[in-house]
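Student: Shown below is the structure under consideration.
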Amino acid sequence: VVFCFYADIEELIEMAIIVQKFGGTSVSSVERIRHVAEIVAKTKAFGYQCVVVVSAMGPSTDELIHLAYQMSNKPSAREMDMLLTAGEQMSMALLTMALQAKDLKARSLTGWQAGIQTDQIHGKARVQQIDITSISTCLERDEIVVVAGFQGVTADGQITTLGRGGSDTSAVTLAAALSAELCEIYTDVAGVYTADPCVIPLARKIDEISYEEMLELAHLGAGVLHPRAIECALIHQVHLIVRSSFVDEPGTWIKEVHTMEKKLHVSGITHDLSVARMKVFDLPNREDTLTKLFTLLAEAYINVDMIVQSEYDQGQMDVAFSVAEEEGKLAQQVLEKAKEELEYDRLLLETGLAKVSAVGIGMMTHPGVAAKFFATLSEAGISIKMVSTSEIKISCLMERELALQAVWQLHTAFGLDVKFYTAESVGPPLRGEGT
Ligand code: ADP
Ligand code: ASP
Ligand code: MG
């Protein structure tokens with residue numbers, strides 16, 4: 001991301017800037033939007049210059065997508081972006097009205113008005129540069145600026161969206177461009193947990209986590225933050241906090257963590273329930289085969305995750321790879337079209353799979369994490385279809401029905417469960433109780 005800085009912004013804006021992002025559930029109704037206005041008003045009263053980024057109300061992005069598919073089974077990517085950006089536009093105007101109703105000076109800006117310029121990839125555009133002139137002008141007038149998340153504009157004026165969950169990325173890129181002191185991501189849970197708290201009730205809130213671990217967690221399915229938002233926060237050292245817009249309690253800090261020794265080898269368990277696996281049989285075993293295959297997929301903007309290649313003696317090989325389930329069909333079409341070029345025998349697309357991962361910086365220096373990971377799954381009778389590892393994560397692919405059990409078992413095995421019954425909190429159970 002390249003930022004075009006407004007002349008002498010440091011001098012112009014004396015008060016510190018804070019970027020506050022409110023996700024869909026935080027702006028899902030008139031009451032919730034009023035509550036958000038309350039939070040922003042308090043921040044403003046504290047002396048901050050506020051730039052607020054909003055998502056579309058509740059499930060409205062899903063509803064708009066549903067509408068689109070009633071019009072056409074192949075809506076064009078450009079029109080899809082025109083439609084979906086309307087969702088964020090509603091919440092930005094409503095929140096601004098709520099702020100104005102509290103006698104606060106506020107103004108809403110769409111992505112293009114806020115100067116968020118992206119590349120041309122409709123549906124998953126990347127922010128290329130931000131011209132902060134209009135936001136700076138508003139801040140200079142002491143206005144609260146409310147920006148529509150998830151959207152931007154190409155150099156030639158086309159409206160784009162940043163991919164599902166992209167408002168987090170809008171917030172962090174704006175925070176970086178404005179040299180904001182802090183970027184707060186308000187959501188429906190109290191922070192980042194050791195596993196999805198909506199699925200694992202024993203998940204524990206993490207007080208602080210490094211950018212690198214958070215990036216892995218997000219890439220591997222912890223939907224609480226858009227991975228690209230963390231990437232940007234890491235590059236530009238944006239101070240990031242995830243917290244609840246429902247309860248006022250400290251959230252999770254995402255920053256450089258300088259603890260001398262980490263107690264836990266694994267920081268979190270994640271799951272991604274929509275994964276597909278593609279198997280390509282009997283490819284010629286030549287140096288350029290994999291290059292050709294993965295270049296074709298990259299040209300169709302398909303992100304490939306795990307890859308396994310198995311060679312046979314007769315100069316043939318099989319390749320299997322995993323992709324997001326929603327991209328499975330497209331991957332299949334791309335490879336079917338290139339059957340002659342790739343010279344393979346047949347394809348097999350398997351859907352209904354899930355990926356379960358353990359993430360932790362501590363794993364780099366503590367042997368035995370992989371052994372425990374596999375032992376836990378095998379004791380639970382869960383069979384694994386594919387494995388991939390990095391220095392700080394182990395991931396495996398399995399049948400979707402088994403994934404939540406796997407998360408739960410791994411969460412317990414790696415000592416992440418919250419301890420409800422500590423002596424201080426509730427005391428030991430009374431002898432004879434319940435008899
Ligand atoms: P928003 O609409 O505010 O952007 P999201 O639905 O995108 O909210 O993200 C919040 C959700 O992320 C939570 O409701 C929770 O179910 C899910 N989630 C998944 N993994 C985690 C995790 N490790 N910690 C916290 N939340 C998680
Ligand atoms: N409204 C968009 C979505 O539902 C963007 C976001 O919420 O971050 O994906
Ligand atoms: Mg989100």
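Labeling convention for the structure tokens: chains A, B, ... as they appear, residues from 1 per chain, ligands from 1 in order of appearance.
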If you run DSSP over the backbone, which residues in range 108-155 of chain A end up strand (DSSP E)? Put them as a PyMOL selection string.

Tutor: chain A and resi 108-109+116-118+127-131+144-148+151-153

Student: Hey, what's within 8 Å of range 290-299 of chain A if we count only C-alpha atoms and toss same-chain stuff fewer than 4 positions away? As an MDAnalysis selection string, please?

Tutor: chainID A and resid 303:304 331 334:335 342

Student: How many Å separate atom 27 (C, counted along the ligand's line) of ligand 1 from CA of Phe246 in chain A?

Tutor: 15.1 Å

Student: If you take only C-alpha atoms and all ligand atoms and a cut-off of 6 Å, which residues of chain A touch ligand 1, and what are their nearest atom pairs and distances in Å to one decimal, in chain and number order, as a tab-separated table?

Tutor:
residue	atom	partner	partner_atom_place_in_ligand_line	distance
A:Gly23	CA	ligand 1	3 (O)	3.3
A:Gly24	CA	ligand 1	2 (O)	3.9
A:Thr25	CA	ligand 1	2 (O)	5.1
A:Gly165	CA	ligand 1	7 (O)	5.7
A:Thr187	CA	ligand 1	3 (O)	3.6
A:Asp188	CA	ligand 1	14 (O)	5.4
A:Val189	CA	ligand 1	13 (C)	5.6
A:Gly191	CA	ligand 1	25 (C)	5.7
A:Val192	CA	ligand 1	24 (N)	3.7
A:Tyr193	CA	ligand 1	24 (N)	3.8
A:Thr194	CA	ligand 1	23 (N)	5.4
A:Ala195	CA	ligand 1	23 (N)	4.2
A:Asp196	CA	ligand 1	20 (N)	3.6
A:Pro197	CA	ligand 1	26 (N)	5.9
A:Cys198	CA	ligand 1	16 (O)	4.7
A:Ala222	CA	ligand 1	20 (N)	3.5
A:Gly223	CA	ligand 1	19 (C)	4.4
A:Val224	CA	ligand 1	9 (O)	3.6

Student: Got a sec to check which residues lie within 9 Å of ligand 2, using only C-alpha atoms and all ligand atoms, and send them as an MDAnalysis selection string?

Tutor: chainID A and resid 22:25 54:62 84:85 87:88 149:151 161:170 225:226

Student: Given only C-alpha atoms as the basis, pick out the residue of A:Leu202, A:Val356, A:Ala98, A:Glu336 nearest to Met386 in chain A.

Tutor: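 Result for the nearest residue to Met386 in chain A: A:Val356.
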
Student: Return the single residue from A:Ala171, A:Met82, A:Ala375, A:Ala276 that is closest to ligand 3, with distances computed using only C-alpha atoms and all ligand atoms.

Tutor: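 For ligand 3, the nearest of the given residues is A:Ala171.
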
Student: Out of A:Arg141, A:Arg107, A:Arg228, A:Arg32, which residue has the shortest atom-to-atom distance to ligand 3 when counting only C-alpha atoms and all ligand atoms?

Tutor: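 So, comparing all the options, the nearest one is A:Arg228.
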
Student: Quote the spacing between CA of Ala155 in chain A and CA of Ala114 in chain A in Å to one decimal place.

Tutor: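 Answer for the CA of Ala155 in chain A to CA of Ala114 in chain A separation: 13.6 Å.
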
Student: Using only C-alpha atoms, determine which residues lie at most 9 Å from Lys255 in chain A, disregarding the query and same-chain residues fewer than 2 positions distant; provide the list as a list in words.

Tutor: Glu208, Ile209, Ser210, Tyr211, Ala233, Leu234, Gln237, Val238, His239, Leu240, Ile241, Trp253 and Val257 of chain A

Student: Any chance you could export the current selection's all heavy atoms as an mmCIF file, in the first residue's frame?

Tutor:
data_model
loop_
_atom_site.group_PDB
_atom_site.id
_atom_site.type_symbol
_atom_site.label_atom_id
_atom_site.label_comp_id
_atom_site.auth_asym_id
_atom_site.auth_seq_id
_atom_site.Cartn_x
_atom_site.Cartn_y
_atom_site.Cartn_z
ATOM 1 N N GLU A 208 -2.862 -10.636 24.700
ATOM 2 C CA GLU A 208 -2.069 -10.037 23.625
ATOM 3 C C GLU A 208 -1.464 -11.134 22.771
ATOM 4 O O GLU A 208 -1.160 -12.224 23.254
ATOM 5 C CB GLU A 208 -0.996 -9.093 24.173
ATOM 6 C CG GLU A 208 -0.076 -9.699 25.200
ATOM 7 C CD GLU A 208 1.016 -8.735 25.616
ATOM 8 O OE1 GLU A 208 0.729 -7.538 25.770
ATOM 9 O OE2 GLU A 208 2.164 -9.188 25.757
ATOM 10 N N ILE A 209 -1.317 -10.829 21.490
ATOM 11 C CA ILE A 209 -0.823 -11.836 20.549
ATOM 12 C C ILE A 209 0.026 -11.134 19.495
ATOM 13 O O ILE A 209 -0.248 -9.967 19.153
ATOM 14 C CB ILE A 209 -2.016 -12.621 19.945
ATOM 15 C CG1 ILE A 209 -1.540 -13.796 19.093
ATOM 16 C CG2 ILE A 209 -2.942 -11.736 19.125
ATOM 17 C CD1 ILE A 209 -2.623 -14.803 18.777
ATOM 18 N N SER A 210 1.054 -11.830 19.005
ATOM 19 C CA SER A 210 1.931 -11.203 18.009
ATOM 20 C C SER A 210 1.230 -11.132 16.651
ATOM 21 O O SER A 210 0.330 -11.921 16.375
ATOM 22 C CB SER A 210 3.222 -12.012 17.877
ATOM 23 O OG SER A 210 2.928 -13.280 17.346
ATOM 24 N N TYR A 211 1.672 -10.210 15.821
ATOM 25 C CA TYR A 211 1.107 -10.095 14.470
ATOM 26 C C TYR A 211 1.219 -11.428 13.730
ATOM 27 O O TYR A 211 0.295 -11.849 13.049
ATOM 28 C CB TYR A 211 1.875 -9.047 13.663
ATOM 29 C CG TYR A 211 1.726 -7.619 14.116
ATOM 30 C CD1 TYR A 211 2.804 -6.932 14.668
ATOM 31 C CD2 TYR A 211 0.519 -6.934 13.964
ATOM 32 C CE1 TYR A 211 2.684 -5.601 15.061
ATOM 33 C CE2 TYR A 211 0.395 -5.611 14.352
ATOM 34 C CZ TYR A 211 1.480 -4.949 14.903
ATOM 35 O OH TYR A 211 1.357 -3.640 15.285
ATOM 36 N N ALA A 233 -1.277 -4.302 9.132
ATOM 37 C CA ALA A 233 -0.915 -3.826 10.475
ATOM 38 C C ALA A 233 0.545 -4.163 10.776
ATOM 39 O O ALA A 233 1.282 -3.362 11.351
ATOM 40 C CB ALA A 233 -1.843 -4.453 11.515
ATOM 41 N N LEU A 234 0.970 -5.353 10.354
ATOM 42 C CA LEU A 234 2.347 -5.791 10.601
ATOM 43 C C LEU A 234 3.337 -4.907 9.832
ATOM 44 O O LEU A 234 4.305 -4.395 10.390
ATOM 45 C CB LEU A 234 2.484 -7.266 10.192
ATOM 46 C CG LEU A 234 3.881 -7.857 10.113
ATOM 47 C CD1 LEU A 234 4.534 -7.846 11.480
ATOM 48 C CD2 LEU A 234 3.838 -9.293 9.607
ATOM 49 N N GLN A 237 3.122 -1.427 11.260
ATOM 50 C CA GLN A 237 3.161 -1.383 12.734
ATOM 51 C C GLN A 237 1.969 -0.607 13.317
ATOM 52 O O GLN A 237 2.122 0.276 14.166
ATOM 53 C CB GLN A 237 4.484 -0.781 13.212
ATOM 54 C CG GLN A 237 5.693 -1.641 12.832
ATOM 55 C CD GLN A 237 5.790 -2.929 13.653
ATOM 56 O OE1 GLN A 237 5.893 -2.897 14.859
ATOM 57 N NE2 GLN A 237 5.713 -4.070 12.977
ATOM 58 N N VAL A 238 0.772 -0.937 12.820
ATOM 59 C CA VAL A 238 -0.440 -0.308 13.354
ATOM 60 C C VAL A 238 -0.801 -0.997 14.672
ATOM 61 O O VAL A 238 -0.828 -2.221 14.744
ATOM 62 C CB VAL A 238 -1.614 -0.471 12.352
ATOM 63 C CG1 VAL A 238 -2.920 0.041 12.944
ATOM 64 C CG2 VAL A 238 -1.292 0.236 11.048
ATOM 65 N N HIS A 239 -1.056 -0.219 15.711
ATOM 66 C CA HIS A 239 -1.487 -0.792 16.990
ATOM 67 C C HIS A 239 -2.947 -1.184 16.853
ATOM 68 O O HIS A 239 -3.806 -0.349 16.598
ATOM 69 C CB HIS A 239 -1.332 0.220 18.127
ATOM 70 C CG HIS A 239 0.099 0.558 18.387
ATOM 71 N ND1 HIS A 239 0.538 1.148 19.525
ATOM 72 C CD2 HIS A 239 1.203 0.357 17.624
ATOM 73 C CE1 HIS A 239 1.848 1.304 19.477
ATOM 74 N NE2 HIS A 239 2.266 0.837 18.319
ATOM 75 N N LEU A 240 -3.193 -2.464 17.049
ATOM 76 C CA LEU A 240 -4.515 -3.009 16.733
ATOM 77 C C LEU A 240 -5.103 -3.650 17.978
ATOM 78 O O LEU A 240 -4.405 -4.340 18.714
ATOM 79 C CB LEU A 240 -4.287 -4.075 15.648
ATOM 80 C CG LEU A 240 -5.418 -4.543 14.786
ATOM 81 C CD1 LEU A 240 -6.015 -3.378 14.028
ATOM 82 C CD2 LEU A 240 -4.903 -5.577 13.779
ATOM 83 N N ILE A 241 -6.397 -3.425 18.186
ATOM 84 C CA ILE A 241 -7.049 -4.092 19.309
ATOM 85 C C ILE A 241 -8.403 -4.620 18.833
ATOM 86 O O ILE A 241 -9.098 -3.949 18.075
ATOM 87 C CB ILE A 241 -7.188 -3.122 20.512
ATOM 88 C CG1 ILE A 241 -7.719 -3.849 21.739
ATOM 89 C CG2 ILE A 241 -8.055 -1.934 20.232
ATOM 90 C CD1 ILE A 241 -7.489 -3.077 23.026
ATOM 91 N N TRP A 253 -4.899 -7.293 22.364
ATOM 92 C CA TRP A 253 -3.927 -6.464 21.653
ATOM 93 C C TRP A 253 -3.189 -7.298 20.628
ATOM 94 O O TRP A 253 -2.721 -8.384 20.954
ATOM 95 C CB TRP A 253 -2.892 -5.909 22.635
ATOM 96 C CG TRP A 253 -3.374 -4.727 23.387
ATOM 97 C CD1 TRP A 253 -3.913 -4.721 24.644
ATOM 98 C CD2 TRP A 253 -3.371 -3.370 22.935
ATOM 99 N NE1 TRP A 253 -4.250 -3.446 24.997
ATOM 100 C CE2 TRP A 253 -3.925 -2.597 23.966
ATOM 101 C CE3 TRP A 253 -2.958 -2.732 21.760
ATOM 102 C CZ2 TRP A 253 -4.082 -1.213 23.862
ATOM 103 C CZ3 TRP A 253 -3.112 -1.360 21.652
ATOM 104 C CH2 TRP A 253 -3.670 -0.613 22.699
ATOM 105 N N VAL A 257 5.129 -8.858 20.319
ATOM 106 C CA VAL A 257 5.114 -9.346 21.702
ATOM 107 C C VAL A 257 6.548 -9.697 22.075
ATOM 108 O O VAL A 257 7.224 -10.440 21.364
ATOM 109 C CB VAL A 257 4.182 -10.564 21.841
ATOM 110 C CG1 VAL A 257 4.233 -11.128 23.254
ATOM 111 C CG2 VAL A 257 2.750 -10.170 21.491
#

Student: Mind checking which residues fall within 7 Å of Gly115 in chain A, counting only C-alpha atoms, ignoring those fewer than 6 positions away in the same chain, and posting them as a list of chain:residue names?

Tutor: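 Within the cut-off, the hits are A:Ile130, A:Asp131, A:Ile132.
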
Student: Go through range 302-364 of chain A and collect every residue that DSSP, computed from the backbone, puts in alpha helix (DSSP H); the answer should be as a list in words.

Tutor: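 Selecting the alpha helix (DSSP H) positions of range 302-364 of chain A gives Glu325, Glu326, Glu327, Gly328, Lys329, Leu330, Ala331, Gln332, Gln333, Val334, Leu335, Glu336, Lys337, Lys339, Glu340, Glu341 and Leu342 of chain A.
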
Student: Which one of A:Leu64, A:Leu283, A:Leu416, A:Val36 sits closest to Tyr312 in chain A if you count only C-alpha atoms?

Tutor: A:Leu283

Student: One decimal, in Å: what's the spacing between CA of Ala190 in chain A and CA of Glu249 in chain A?

Tutor: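 Distance reported for this atom pair: 7.2 Å.
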
Student: If we count only C-alpha atoms, what is near Ile384 in chain A at a cut-off of 8 Å, once residues fewer than 2 positions away on the same chain are taken out, given as a compact mmCIF listing (two decimals) with C-alpha atoms, in the first residue's frame?

Tutor:
# COMPACT_ATOMS: atom_id res chain seq x y z
CA ILE A 382 -10.14 -38.93 13.23
CA MET A 386 -3.65 -33.97 3.98
CA VAL A 387 -1.15 -32.19 6.19
CA CYS A 396 -4.71 -31.00 8.47
CA LEU A 397 -7.62 -31.73 6.21
CA MET A 398 -10.46 -34.01 7.32

Student: I want to know what sits within 9 Å of range 135-139 of chain A, based on only C-alpha atoms, with residues of the same chain fewer than 3 positions away left out; could you give that as a list of chain:residue names?

Tutor: A:Tyr6, A:Ile9, A:Leu12, A:Ile13, A:Gln49, A:Cys50, A:Val51, A:Ala106, A:Arg107, A:Leu109, A:Gln113, A:Ala114, A:Gly115, A:Asp131, A:Ile132, A:Asp142, A:Glu143, A:Ile144, A:Val145, A:Leu178

Student: Using only C-alpha atoms, determine which residues lie at most 7 Å from range 118-125 of chain A, disregarding the query and same-chain residues fewer than 6 positions distant; provide the list as a PyMOL selection string.

Tutor: chain A and resi 77-78+81+152-154+160-163
